[in-house]
>>> print(open('start.cif').read())   # mmCIF, C-alpha atoms, pLDDT in the B column; chains and numbers go by the auth columns
data_data
#
loop_
_atom_site.group_PDB
_atom_site.id
_atom_site.type_symbol
_atom_site.label_atom_id
_atom_site.label_comp_id
_atom_site.label_asym_id
_atom_site.label_seq_id
_atom_site.Cartn_x
_atom_site.Cartn_y
_atom_site.Cartn_z
_atom_site.B_iso_or_equiv
_atom_site.auth_seq_id
_atom_site.auth_asym_id
ATOM 1 C CA MET A 1 108.825 127.628 91.378 88.00 1 A
ATOM 2 C CA THR A 2 105.643 126.628 89.577 92.00 2 A
ATOM 3 C CA ILE A 3 103.741 123.516 90.608 93.00 3 A
ATOM 4 C CA GLU A 4 102.855 122.281 87.131 95.00 4 A
ATOM 5 C CA ARG A 5 100.922 119.176 88.159 96.00 5 A
ATOM 6 C CA LEU A 6 99.820 117.404 91.335 94.00 6 A
ATOM 7 C CA THR A 7 98.576 113.825 90.938 94.00 7 A
ATOM 8 C CA TYR A 8 97.243 111.591 93.728 90.00 8 A
ATOM 9 C CA ARG A 9 96.793 107.859 93.128 88.00 9 A
ATOM 10 C CA ASN A 10 95.159 105.225 95.301 83.00 10 A
ATOM 11 C CA PHE A 11 96.654 101.857 96.291 79.00 11 A
ATOM 12 C CA PHE A 12 95.999 100.369 92.839 82.00 12 A
ATOM 13 C CA GLY A 13 97.389 103.349 90.916 85.00 13 A
ATOM 14 C CA ASP A 14 94.018 104.829 89.978 86.00 14 A
ATOM 15 C CA VAL A 15 94.158 108.645 89.742 90.00 15 A
ATOM 16 C CA VAL A 16 91.929 110.149 92.451 89.00 16 A
ATOM 17 C CA HIS A 17 93.055 113.779 91.976 92.00 17 A
ATOM 18 C CA ASP A 18 94.894 115.563 89.163 96.00 18 A
ATOM 19 C CA SER A 19 95.388 119.332 88.888 97.00 19 A
ATOM 20 C CA GLY A 20 97.737 122.009 87.616 97.00 20 A
ATOM 21 C CA PRO A 21 98.525 124.213 84.632 97.00 21 A
ATOM 22 C CA ALA A 22 100.086 121.254 82.787 97.00 22 A
ATOM 23 C CA ILE A 23 96.596 119.771 82.354 97.00 23 A
ATOM 24 C CA GLY A 24 94.486 122.955 82.501 97.00 24 A
ATOM 25 C CA VAL A 25 92.828 122.185 85.849 97.00 25 A
ATOM 26 C CA PRO A 26 93.445 124.715 88.652 97.00 26 A
ATOM 27 C CA HIS A 27 94.914 123.396 91.903 97.00 27 A
ATOM 28 C CA PRO A 28 92.526 123.543 94.867 96.00 28 A
ATOM 29 C CA LEU A 29 93.014 126.651 96.991 96.00 29 A
ATOM 30 C CA ASN A 30 94.518 126.460 100.475 94.00 30 A
ATOM 31 C CA ALA A 31 91.528 127.729 102.480 92.00 31 A
ATOM 32 C CA ASP A 32 93.546 127.981 105.721 90.00 32 A
ATOM 33 C CA PHE A 33 94.212 131.617 104.724 92.00 33 A
ATOM 34 C CA THR A 34 92.018 134.643 103.967 94.00 34 A
ATOM 35 C CA PRO A 35 91.771 135.041 101.076 95.00 35 A
ATOM 36 C CA PRO A 36 92.381 131.390 100.113 95.00 36 A
ATOM 37 C CA GLN A 37 95.925 130.843 98.789 96.00 37 A
ATOM 38 C CA ASP A 38 96.693 129.662 95.263 96.00 38 A
ATOM 39 C CA ILE A 39 99.686 127.304 95.594 94.00 39 A
ATOM 40 C CA THR A 40 100.553 127.216 91.874 95.00 40 A
ATOM 41 C CA VAL A 41 103.413 129.735 91.946 94.00 41 A
ATOM 42 C CA VAL A 42 105.631 129.506 95.041 92.00 42 A
ATOM 43 C CA PRO A 43 107.822 132.603 95.513 90.00 43 A
ATOM 44 C CA SER A 44 111.452 132.322 96.556 86.00 44 A
ATOM 45 C CA GLY A 45 111.750 131.604 100.277 85.00 45 A
ATOM 46 C CA ALA A 46 108.064 130.661 100.694 88.00 46 A
ATOM 47 C CA THR A 47 106.745 127.368 102.057 87.00 47 A
ATOM 48 C CA TYR A 48 103.329 126.639 100.545 89.00 48 A
ATOM 49 C CA TYR A 49 101.289 123.570 101.359 88.00 49 A
ATOM 50 C CA LEU A 50 98.110 121.815 100.382 89.00 50 A
ATOM 51 C CA SER A 51 96.387 119.192 102.516 85.00 51 A
ATOM 52 C CA THR A 52 93.928 116.493 101.566 84.00 52 A
ATOM 53 C CA ASN A 53 91.244 118.618 103.281 84.00 53 A
ATOM 54 C CA HIS A 54 91.762 121.268 100.606 89.00 54 A
ATOM 55 C CA ILE A 55 91.068 118.640 97.938 90.00 55 A
ATOM 56 C CA TRP A 56 88.304 116.491 99.483 85.00 56 A
ATOM 57 C CA GLY A 57 87.123 118.616 102.412 81.00 57 A
ATOM 58 C CA ASN A 58 86.082 116.517 105.397 75.00 58 A
ATOM 59 C CA ASN A 59 84.760 113.796 103.094 74.00 59 A
ATOM 60 C CA PRO A 60 86.483 110.409 102.952 71.00 60 A
ATOM 61 C CA ILE A 61 89.639 110.278 100.844 74.00 61 A
ATOM 62 C CA PRO A 62 88.924 108.084 97.810 74.00 62 A
ATOM 63 C CA GLY A 63 90.209 104.552 98.180 68.00 63 A
ATOM 64 C CA PRO A 64 89.845 101.326 96.217 65.00 64 A
ATOM 65 C CA ALA A 65 86.315 99.925 96.376 63.00 65 A
ATOM 66 C CA GLY A 66 85.919 97.679 99.405 59.00 66 A
ATOM 67 C CA HIS A 67 89.202 98.826 101.019 60.00 67 A
ATOM 68 C CA ALA A 68 90.283 101.412 103.587 57.00 68 A
ATOM 69 C CA GLN A 69 89.790 104.971 102.419 60.00 69 A
ATOM 70 C CA GLY A 70 93.063 106.693 101.516 57.00 70 A
ATOM 71 C CA ALA A 71 95.210 103.665 102.350 64.00 71 A
ATOM 72 C CA GLY A 72 98.498 103.475 100.452 72.00 72 A
ATOM 73 C CA MET A 73 98.169 106.705 98.467 79.00 73 A
ATOM 74 C CA SER A 74 100.975 108.138 96.364 83.00 74 A
ATOM 75 C CA VAL A 75 101.515 111.700 95.180 86.00 75 A
ATOM 76 C CA VAL A 76 103.521 112.865 92.166 88.00 76 A
ATOM 77 C CA LEU A 77 104.503 116.540 92.041 88.00 77 A
ATOM 78 C CA GLU A 78 105.740 118.025 88.771 91.00 78 A
ATOM 79 C CA PHE A 79 107.298 121.476 88.988 89.00 79 A
ATOM 80 C CA SER A 80 109.447 123.904 87.062 88.00 80 A
ATOM 81 C CA LYS A 81 111.937 126.364 88.486 83.00 81 A
ATOM 82 C CA ALA A 82 114.304 128.931 87.033 78.00 82 A
ATOM 83 C CA GLY A 83 117.777 128.869 88.612 69.00 83 A
ATOM 84 C CA ALA A 84 119.278 126.352 90.992 67.00 84 A
ATOM 85 C CA GLY A 85 117.038 123.324 91.457 65.00 85 A
ATOM 86 C CA ASP A 86 118.833 122.366 94.667 67.00 86 A
ATOM 87 C CA LEU A 87 116.983 125.208 96.402 68.00 87 A
ATOM 88 C CA VAL A 88 113.745 123.185 96.316 73.00 88 A
ATOM 89 C CA ILE A 89 112.711 120.698 98.987 73.00 89 A
ATOM 90 C CA VAL A 90 109.492 118.692 98.708 73.00 90 A
ATOM 91 C CA GLY A 91 108.149 117.338 101.984 70.00 91 A
ATOM 92 C CA SER A 92 105.051 115.660 103.320 68.00 92 A
ATOM 93 C CA SER A 93 103.428 114.662 106.557 65.00 93 A
ATOM 94 C CA THR A 94 101.258 111.724 107.433 66.00 94 A
ATOM 95 C CA ARG A 95 98.570 112.440 109.975 62.00 95 A
ATOM 96 C CA ASP A 96 95.867 110.576 111.795 65.00 96 A
ATOM 97 C CA ARG A 97 92.784 112.516 112.770 65.00 97 A
ATOM 98 C CA GLN A 98 89.314 111.948 114.087 68.00 98 A
ATOM 99 C CA ARG A 99 86.631 112.172 111.432 69.00 99 A
ATOM 100 C CA PHE A 100 82.969 111.758 112.156 72.00 100 A
ATOM 101 C CA PHE A 101 79.504 112.777 110.969 77.00 101 A
ATOM 102 C CA ILE A 102 76.956 115.066 112.554 82.00 102 A
ATOM 103 C CA PHE A 103 73.508 113.824 111.608 87.00 103 A
ATOM 104 C CA THR A 104 70.995 116.519 110.674 88.00 104 A
ATOM 105 C CA PRO A 105 67.445 116.364 109.260 90.00 105 A
ATOM 106 C CA THR A 106 68.899 117.064 105.792 90.00 106 A
ATOM 107 C CA GLY A 107 71.558 114.362 106.070 85.00 107 A
ATOM 108 C CA PRO A 108 75.003 113.661 107.563 82.00 108 A
ATOM 109 C CA ILE A 109 77.682 116.380 107.591 79.00 109 A
ATOM 110 C CA PRO A 110 81.348 115.239 107.648 75.00 110 A
ATOM 111 C CA VAL A 111 83.392 116.895 110.419 75.00 111 A
ATOM 112 C CA GLN A 112 87.123 116.923 111.135 73.00 112 A
ATOM 113 C CA GLY A 113 88.005 116.235 114.752 70.00 113 A
ATOM 114 C CA THR A 114 91.219 116.270 116.726 71.00 114 A
ATOM 115 C CA GLU A 115 94.546 115.464 115.081 67.00 115 A
ATOM 116 C CA LEU A 116 95.890 112.356 116.829 63.00 116 A
ATOM 117 C CA SER A 117 99.399 112.059 115.377 63.00 117 A
ATOM 118 C CA ARG A 118 101.659 113.468 112.660 60.00 118 A
ATOM 119 C CA SER A 119 104.998 112.475 111.198 64.00 119 A
ATOM 120 C CA ALA A 120 106.842 114.604 108.665 62.00 120 A
ATOM 121 C CA GLY A 121 109.650 113.880 106.264 61.00 121 A
ATOM 122 C CA THR A 122 111.425 114.997 103.144 61.00 122 A
ATOM 123 C CA CYS A 123 109.958 113.359 100.051 61.00 123 A
ATOM 124 C CA ALA A 124 112.633 114.496 97.670 59.00 124 A
ATOM 125 C CA ASP A 125 115.626 116.725 98.060 51.00 125 A
ATOM 126 C CA VAL A 126 115.984 118.045 94.510 55.00 126 A
ATOM 127 C CA LYS A 127 119.598 118.235 93.378 51.00 127 A
#
>>> encode(input="start.cif", output="structure tokens")
Amino acid sequence: MTIERLTYRNFFGDVVHDSGPAIGVPHPLNADFTPPQDITVVPSGATYYLSTNHIWGNNPIPGPAGHAQGAGMSVVLEFSKAGAGDLVIVGSSTRDRQRFFIFTPTGPIPVQGTELSRSAGTCADVK
């Protein structure tokens, strides 16, 4: 399977991230692995993932001006696959985590703290 495009939108539908071969912008790498993993081509039987940390780091997730950061986001995944499409499952998880800043002489540094909760689900069972 090839992830052709990954588009995140905020509450009002403004695009806050767009990547993939369909638009000529490489997807962010999954830095949870060494070396960092390119998620563009997912081999048969693999389960690749990308989190918002891979896109925005520990910085706030973009939200509408004057509103909660990251509130009400949507994600559209465009992919192509040779063979049976029913062998693809797209899932997601919503998580709450502590995020704070360490203040240094050169300025604040965003830090990810403890994960507080997570709920997972199937976004689309492709048939």
>>> residues_near_point(input="start.cif", point="(91.2, 119.0, 102.2)", cutoff="10 Å", atoms="only C-alpha atoms", output="JSON, numbers by chain")
{"A": [28, 29, 30, 31, 32, 50, 51, 52, 53, 54, 55, 56, 57, 58, 59, 60, 61]}
>>> closest_residue(input="start.cif", among="A:Gly20, A:Pro110, A:Gly72, A:Tyr48", to="Phe33 in chain A", atoms="only C-alpha atoms")
A:Tyr48
>>> residues_around(input="start.cif", residues="Ile23 in chain A", least_positions_apart="3", cutoff="12 Å", atoms="all atoms listed in the file", output="PyMOL selection string")
chain A and resi 3-7+17-20+26-27+78
>>> closest_residue(input="start.cif", among="A:Met1, A:Ile109, A:Ala82, A:Val76", to="Ser44 in chain A", atoms="only C-alpha atoms")
A:Met1
>>> atom_distance(input="start.cif", atom1="CA of Gly13 in chain A", atom2="CA of Pro62 in chain A")
11.9 Å
>>> atom_distance(input="start.cif", atom1="CA of Val25 in chain A", atom2="CA of Met73 in chain A")
20.7 Å
>>> axis_aligned_box(input="start.cif", around="range 16-33 of chain A", padding_each_side="8 Å", output="JSON")
{"center_x": 95.8, "center_y": 120.9, "center_z": 94.0, "size_x": 24.6, "size_y": 37.5, "size_z": 39.4}
>>> atom_distance(input="start.cif", atom1="CA of Val90 in chain A", atom2="CA of Ser74 in chain A")
13.8 Å
>>> residues_around(input="start.cif", residues="Gly45 in chain A", least_positions_apart="2", cutoff="10 Å", atoms="only C-alpha atoms", output="VMD selection string")
chain A and resid 42 to 43 47 to 48 87 to 88
>>> closest_residue(input="start.cif", among="A:Val16, A:Thr34, A:Ala46, A:Phe103", to="Ile89 in chain A", atoms="all atoms listed in the file")
A:Ala46
>>> closest_residue(input="start.cif", among="A:Pro36, A:Val41, A:Pro21, A:Leu77", to="Arg9 in chain A", atoms="all atoms listed in the file")
A:Leu77
>>> closest_residue(input="start.cif", among="A:Thr2, A:Lys81, A:Val75, A:Thr104", to="Val15 in chain A", atoms="all atoms listed in the file")
A:Val75
